[in-house]
Amino acid sequence: MACCPLCCRRASRVHSRYERTLADLPWGEHAILLRLRVRRLFCDNARCERRIFTERLPGIAAPWARKTARLATRLTALGLAMGGAAGVRLSRVLLIPTARNTLLRLSRAAPSPPEVTPAVLGVDDWALRKRHSYGTVLIDLERRRPVALLPDREADTLAAWLREHPGIELVARDRSGAYADGIRRGAPEAVQVADRFHLLQNLAEALETTFTAHAASLRAVDQARDQAFIADGGPVPVAPPRLPAQAATLAAERRERRMARYQQVWSLHREGWPGHAIARRLGLGRSTVVRYLRHETFPERKGRSDVGRSLLDPWKPLLLKRWNAGQRDGRRLFRELQGRGYRGSYPTLARYTQRLWLAQEGAAPRRTRSSRRSPSLPSVIDRPERPLTPRTAAWLTLRRPERRNASDTERLARLRDRDTSLAEAVDLAEEFAGLIRARQPERLGPWLARARDGKLPAFRGFAKRLGADEAAVRTAAMLPWSTGQVEGQINRLKTIKRQMYGRAKLDLLARRFLLEA
């Protein structure tokens, strides 16, 4: 007997028979095909719409399928784990060859996981196409599993999803105002927690803005430290490379043009022009206008982070050892390094040895008429640490005190002694980082008042933004929840997206992201 798939009534009258061919899992190195003779039967129920039906094969194959259920299950798992092209390559090794479109079709047809409303939710955005389209990822922080992917990062979309899933008690998020508004509208009873890493990142941005306005002071701190090092009789640090005269002239001209644009931006801003209108009027990017308006003094360009790095770096310890021992013949040094595996050019070595000469001659005392012999040149060392830039100074300030070495402590002390504004910035940053890390929300109110009344524009703006989100910031200093898990899941999502190349549409991404976890 067989049952009609519509009315479920048993039928016994046979209409005809036909043969089905099903691909199955391989046996050893041999491919397996199943040939089944299947009946067509009459449905004798007069009220049923189906007159003739084919008997089903539950547990063996789905209707109209060309594969057995267990082979389809294996290929679905392969598609979810590897994607299309990579899944095809692995399927050939596993002796179940298939096409990439088949793997993607099976992945899309895989049943969705059961929906479970989380009590603690993590929210963050991710880039479907960077700088063009963004989505929202939702993570169950207690079960450590993804919950959903939303097609955008708008407040209305998040609020609608939250209303469809009542029962969420706590939401950890970044500093996005759209997410704060969406949570407030979709789950007003949920507690919002601002992510501590993003708070410290925003603090680092305020610090970097302040240090950018005092870039000359940062350079002076480095120079004073080098001079103190030489005065103590220690080795002379090698100075970073300088621009050639022609390049320095061109850089100065470009700086003058940037300063003129900066002054034009602020002039229009004082007249009441909005940022997007200023960008259109001057032909600048909107981000450039925003960056200029963030600084009340002209922001100098950041230097390259790889200044002084070259193919010579692995051989610098040996080179300095030979140089300090008195071997200063460039050609001989070049032949020795080549014998040890150096693949760079001689001009690269010559430029570095020229910097060594300049460092020694600048530190050595001048020969007087009364002295018969030339003074001995001091030994040189490569600069042991990166020069102070606004970014390195910001993260040096935010480094935990127990992780600072003696050199870090000395550089911070020099920053404080150099300028009262720098001292105030360092003190404010250390105090805020301390109250966040030590979970002391009672210190937040006095800190906000001190920052608002201070003379640093970047910290006044930072305190104003924190005041608008004070409840979530205060909760962040009390509860252990954060969006660290969400960032990890976003990294996994990016891996899946890049693995899928141009086929990574939102529905396929969501299916692989949710089912592969």
# chains A, B, ... in the order shown; residues from 1 in each chain; ligands from 1

call {"tool": "residues_around", "arguments": {"residues": "Val191 (chain A)", "least_positions_apart": "2", "cutoff": "10 Å", "atoms": "only C-alpha atoms", "output": "PyMOL selection string"}}
result
chain A and resi 120+168-172+183-184+187-189+193+471-472+475

call {"tool": "select_by_dssp", "arguments": {"residues": "region 55-114 of chain A", "states": "helix (DSSP H, G or I)", "output": "ChimeraX atom specification"}}
result
/A:69-82,85-93,100-109

call {"tool": "residues_around", "arguments": {"residues": "Arg39 (chain A)", "least_positions_apart": "6", "cutoff": "9 Å", "atoms": "only C-alpha atoms", "output": "PyMOL selection string"}}
result
chain A and resi 14-19+53-55

call {"tool": "write_last_selection", "arguments": {"atoms": "all heavy atoms", "output": "PDB file, in the first residue's frame"}}
result
ATOM      1  N   VAL A  14      -2.668   0.120  -9.201  1.00  0.00           N
ATOM      2  CA  VAL A  14      -1.429   0.534  -9.859  1.00  0.00           C
ATOM      3  C   VAL A  14      -1.755   1.102 -11.237  1.00  0.00           C
ATOM      4  O   VAL A  14      -2.469   0.481 -12.017  1.00  0.00           O
ATOM      5  CB  VAL A  14      -0.450  -0.640  -9.974  1.00  0.00           C
ATOM      6  CG1 VAL A  14       0.808  -0.211 -10.722  1.00  0.00           C
ATOM      7  CG2 VAL A  14      -0.101  -1.172  -8.590  1.00  0.00           C
ATOM      8  N   HIS A  15      -1.219   2.277 -11.517  1.00  0.00           N
ATOM      9  CA  HIS A  15      -1.395   2.897 -12.822  1.00  0.00           C
ATOM     10  C   HIS A  15      -0.295   2.458 -13.784  1.00  0.00           C
ATOM     11  O   HIS A  15      -0.557   2.031 -14.915  1.00  0.00           O
ATOM     12  CB  HIS A  15      -1.390   4.426 -12.673  1.00  0.00           C
ATOM     13  CG  HIS A  15      -1.411   5.163 -13.969  1.00  0.00           C
ATOM     14  ND1 HIS A  15      -0.269   5.498 -14.679  1.00  0.00           N
ATOM     15  CD2 HIS A  15      -2.454   5.646 -14.702  1.00  0.00           C
ATOM     16  CE1 HIS A  15      -0.605   6.138 -15.777  1.00  0.00           C
ATOM     17  NE2 HIS A  15      -1.920   6.264 -15.820  1.00  0.00           N
ATOM     18  N   SER A  16       0.972   2.542 -13.336  1.00  0.00           N
ATOM     19  CA  SER A  16       2.114   2.151 -14.173  1.00  0.00           C
ATOM     20  C   SER A  16       3.338   2.085 -13.265  1.00  0.00           C
ATOM     21  O   SER A  16       3.276   2.368 -12.062  1.00  0.00           O
ATOM     22  CB  SER A  16       2.331   3.156 -15.311  1.00  0.00           C
ATOM     23  OG  SER A  16       2.554   4.450 -14.787  1.00  0.00           O
ATOM     24  N   ARG A  17       4.457   1.718 -13.900  1.00  0.00           N
ATOM     25  CA  ARG A  17       5.731   1.692 -13.193  1.00  0.00           C
ATOM     26  C   ARG A  17       6.788   2.412 -14.036  1.00  0.00           C
ATOM     27  O   ARG A  17       6.709   2.418 -15.251  1.00  0.00           O
ATOM     28  CB  ARG A  17       6.178   0.247 -12.919  1.00  0.00           C
ATOM     29  CG  ARG A  17       5.330  -0.463 -11.889  1.00  0.00           C
ATOM     30  CD  ARG A  17       5.764  -1.920 -11.748  1.00  0.00           C
ATOM     31  NE  ARG A  17       5.078  -2.595 -10.653  1.00  0.00           N
ATOM     32  CZ  ARG A  17       3.879  -3.148 -10.747  1.00  0.00           C
ATOM     33  NH1 ARG A  17       3.244  -3.094 -11.919  1.00  0.00           N
ATOM     34  NH2 ARG A  17       3.314  -3.716  -9.706  1.00  0.00           N
ATOM     35  N   TYR A  18       7.769   2.992 -13.326  1.00  0.00           N
ATOM     36  CA  TYR A  18       8.891   3.624 -14.045  1.00  0.00           C
ATOM     37  C   TYR A  18      10.149   3.461 -13.194  1.00  0.00           C
ATOM     38  O   TYR A  18      10.094   3.060 -12.024  1.00  0.00           O
ATOM     39  CB  TYR A  18       8.600   5.102 -14.336  1.00  0.00           C
ATOM     40  CG  TYR A  18       8.734   6.025 -13.142  1.00  0.00           C
ATOM     41  CD1 TYR A  18       9.867   6.813 -12.957  1.00  0.00           C
ATOM     42  CD2 TYR A  18       7.709   6.127 -12.205  1.00  0.00           C
ATOM     43  CE1 TYR A  18       9.992   7.660 -11.874  1.00  0.00           C
ATOM     44  CE2 TYR A  18       7.807   6.964 -11.122  1.00  0.00           C
ATOM     45  CZ  TYR A  18       8.952   7.737 -10.957  1.00  0.00           C
ATOM     46  OH  TYR A  18       9.067   8.574  -9.884  1.00  0.00           O
ATOM     47  N   GLU A  19      11.258   3.763 -13.791  1.00  0.00           N
ATOM     48  CA  GLU A  19      12.545   3.553 -13.133  1.00  0.00           C
ATOM     49  C   GLU A  19      13.168   4.885 -12.726  1.00  0.00           C
ATOM     50  O   GLU A  19      13.249   5.826 -13.517  1.00  0.00           O
ATOM     51  CB  GLU A  19      13.500   2.816 -14.079  1.00  0.00           C
ATOM     52  CG  GLU A  19      14.786   2.356 -13.398  1.00  0.00           C
ATOM     53  CD  GLU A  19      15.663   1.572 -14.333  1.00  0.00           C
ATOM     54  OE1 GLU A  19      16.477   2.211 -15.041  1.00  0.00           O
ATOM     55  OE2 GLU A  19      15.527   0.332 -14.377  1.00  0.00           O
ATOM     56  N   PHE A  53      -0.608   9.520  -8.469  1.00  0.00           N
ATOM     57  CA  PHE A  53       0.554   9.951  -7.705  1.00  0.00           C
ATOM     58  C   PHE A  53       1.615   8.863  -7.735  1.00  0.00           C
ATOM     59  O   PHE A  53       1.331   7.690  -8.021  1.00  0.00           O
ATOM     60  CB  PHE A  53       0.172  10.295  -6.259  1.00  0.00           C
ATOM     61  CG  PHE A  53      -0.249   9.111  -5.440  1.00  0.00           C
ATOM     62  CD1 PHE A  53       0.678   8.390  -4.685  1.00  0.00           C
ATOM     63  CD2 PHE A  53      -1.580   8.700  -5.406  1.00  0.00           C
ATOM     64  CE1 PHE A  53       0.296   7.297  -3.931  1.00  0.00           C
ATOM     65  CE2 PHE A  53      -1.977   7.613  -4.655  1.00  0.00           C
ATOM     66  CZ  PHE A  53      -1.035   6.907  -3.912  1.00  0.00           C
ATOM     67  N   THR A  54       2.850   9.261  -7.435  1.00  0.00           N
ATOM     68  CA  THR A  54       3.974   8.332  -7.375  1.00  0.00           C
ATOM     69  C   THR A  54       4.273   8.015  -5.917  1.00  0.00           C
ATOM     70  O   THR A  54       4.276   8.922  -5.076  1.00  0.00           O
ATOM     71  CB  THR A  54       5.212   8.946  -8.037  1.00  0.00           C
ATOM     72  OG1 THR A  54       4.893   9.274  -9.391  1.00  0.00           O
ATOM     73  CG2 THR A  54       6.377   7.968  -8.021  1.00  0.00           C
ATOM     74  N   GLU A  55       4.522   6.758  -5.643  1.00  0.00           N
ATOM     75  CA  GLU A  55       4.811   6.399  -4.260  1.00  0.00           C
ATOM     76  C   GLU A  55       6.125   7.047  -3.824  1.00  0.00           C
ATOM     77  O   GLU A  55       7.082   7.137  -4.577  1.00  0.00           O
ATOM     78  CB  GLU A  55       4.880   4.891  -4.083  1.00  0.00           C
ATOM     79  CG  GLU A  55       5.952   4.182  -4.888  1.00  0.00           C
ATOM     80  CD  GLU A  55       5.957   2.698  -4.634  1.00  0.00           C
ATOM     81  OE1 GLU A  55       5.549   2.295  -3.532  1.00  0.00           O
ATOM     82  OE2 GLU A  55       6.355   1.950  -5.535  1.00  0.00           O
TER      83      GLU A  55
END

call {"tool": "residues_around", "arguments": {"residues": "Leu515 (chain A)", "least_positions_apart": "3", "cutoff": "12 Å", "atoms": "only C-alpha atoms", "output": "ChimeraX atom specification"}}
result
/A:76-81,107-115,145-148,493,508-512

call {"tool": "write_last_selection", "arguments": {"atoms": "N, CA, C and O atoms", "output": "CSV table (one decimal), in the first residue's frame"}}
result
chain,number,residue,atom,x,y,z
A,76,THR,N,25.3,18.9,1.3
A,76,THR,CA,24.8,20.1,2.0
A,76,THR,C,25.9,20.5,3.0
A,76,THR,O,26.2,21.7,3.1
A,77,ALA,N,26.3,19.6,3.8
A,77,ALA,CA,27.4,19.9,4.8
A,77,ALA,C,28.6,20.4,4.1
A,77,ALA,O,29.3,21.3,4.6
A,78,LEU,N,29.0,19.9,3.0
A,78,LEU,CA,30.2,20.3,2.3
A,78,LEU,C,30.0,21.7,1.7
A,78,LEU,O,30.9,22.6,1.8
A,79,GLY,N,28.8,22.0,1.2
A,79,GLY,CA,28.6,23.4,0.7
A,79,GLY,C,28.5,24.4,1.8
A,79,GLY,O,29.0,25.5,1.7
A,80,LEU,N,28.0,24.0,3.0
A,80,LEU,CA,27.9,25.0,4.1
A,80,LEU,C,29.3,25.3,4.7
A,80,LEU,O,29.6,26.4,5.1
A,81,ALA,N,30.1,24.2,4.7
A,81,ALA,CA,31.5,24.4,5.3
A,81,ALA,C,32.5,25.0,4.3
A,81,ALA,O,33.3,25.8,4.7
A,107,SER,N,22.8,24.4,-0.2
A,107,SER,CA,23.0,25.2,1.0
A,107,SER,C,21.8,26.2,1.2
A,107,SER,O,21.4,26.4,2.3
A,108,ARG,N,21.3,26.7,0.1
A,108,ARG,CA,20.1,27.6,0.2
A,108,ARG,C,18.9,26.9,0.7
A,108,ARG,O,18.0,27.4,1.4
A,109,ALA,N,18.8,25.6,0.3
A,109,ALA,CA,17.6,24.8,0.6
A,109,ALA,C,17.7,24.2,2.0
A,109,ALA,O,16.7,23.6,2.5
A,110,ALA,N,18.8,24.3,2.7
A,110,ALA,CA,19.0,23.7,4.0
A,110,ALA,C,18.0,24.3,5.0
A,110,ALA,O,17.8,25.6,4.9
A,111,PRO,N,17.4,23.6,5.9
A,111,PRO,CA,16.4,24.2,6.8
A,111,PRO,C,17.1,25.1,7.8
A,111,PRO,O,18.3,24.9,8.2
A,112,SER,N,16.5,26.2,8.1
A,112,SER,CA,17.0,27.2,9.0
A,112,SER,C,17.1,26.6,10.4
A,112,SER,O,16.2,25.8,10.8
A,113,PRO,N,18.0,27.0,11.3
A,113,PRO,CA,18.1,26.6,12.6
A,113,PRO,C,16.9,27.1,13.4
A,113,PRO,O,16.3,28.1,13.1
A,114,PRO,N,16.4,26.4,14.5
A,114,PRO,CA,15.3,26.9,15.2
A,114,PRO,C,15.6,28.2,15.9
A,114,PRO,O,16.7,28.4,16.4
A,115,GLU,N,14.6,29.1,15.9
A,115,GLU,CA,14.8,30.4,16.4
A,115,GLU,C,14.7,30.4,17.9
A,115,GLU,O,13.7,29.8,18.5
A,145,ARG,N,26.4,32.0,19.9
A,145,ARG,CA,25.9,31.6,18.5
A,145,ARG,C,25.3,32.7,17.8
A,145,ARG,O,24.6,33.6,18.4
A,146,PRO,N,25.4,32.8,16.5
A,146,PRO,CA,24.8,33.9,15.7
A,146,PRO,C,23.2,33.7,15.7
A,146,PRO,O,22.8,32.5,15.7
A,147,VAL,N,22.5,34.7,15.7
A,147,VAL,CA,21.1,34.7,15.7
A,147,VAL,C,20.5,35.1,14.4
A,147,VAL,O,19.6,34.4,13.8
A,148,ALA,N,21.0,36.2,13.8
A,148,ALA,CA,20.4,36.7,12.5
A,148,ALA,C,21.3,37.7,11.9
A,148,ALA,O,22.2,38.3,12.5
A,493,LEU,N,32.4,35.8,9.6
A,493,LEU,CA,31.5,36.2,8.5
A,493,LEU,C,32.3,36.8,7.3
A,493,LEU,O,32.0,36.5,6.1
A,508,LEU,N,22.4,33.7,1.0
A,508,LEU,CA,23.4,32.6,1.1
A,508,LEU,C,24.3,32.8,2.3
A,508,LEU,O,24.7,31.9,3.0
A,509,LEU,N,24.8,34.0,2.4
A,509,LEU,CA,25.6,34.4,3.6
A,509,LEU,C,25.0,34.0,4.9
A,509,LEU,O,25.6,33.4,5.8
A,510,ALA,N,23.7,34.5,5.0
A,510,ALA,CA,23.0,34.2,6.3
A,510,ALA,C,22.9,32.7,6.5
A,510,ALA,O,23.0,32.3,7.7
A,511,ARG,N,22.6,31.9,5.5
A,511,ARG,CA,22.4,30.5,5.7
A,511,ARG,C,23.7,29.8,6.1
A,511,ARG,O,23.7,29.0,7.1
A,512,ARG,N,24.8,30.2,5.5
A,512,ARG,CA,26.1,29.6,5.9
A,512,ARG,C,26.5,30.1,7.2
A,512,ARG,O,27.1,29.3,8.0

call {"tool": "closest_residue", "arguments": {"among": "A:Asn101, A:Thr392, A:Asn491, A:Asn405", "to": "Thr212 (chain A)", "atoms": "only C-alpha atoms"}}
result
A:Thr392
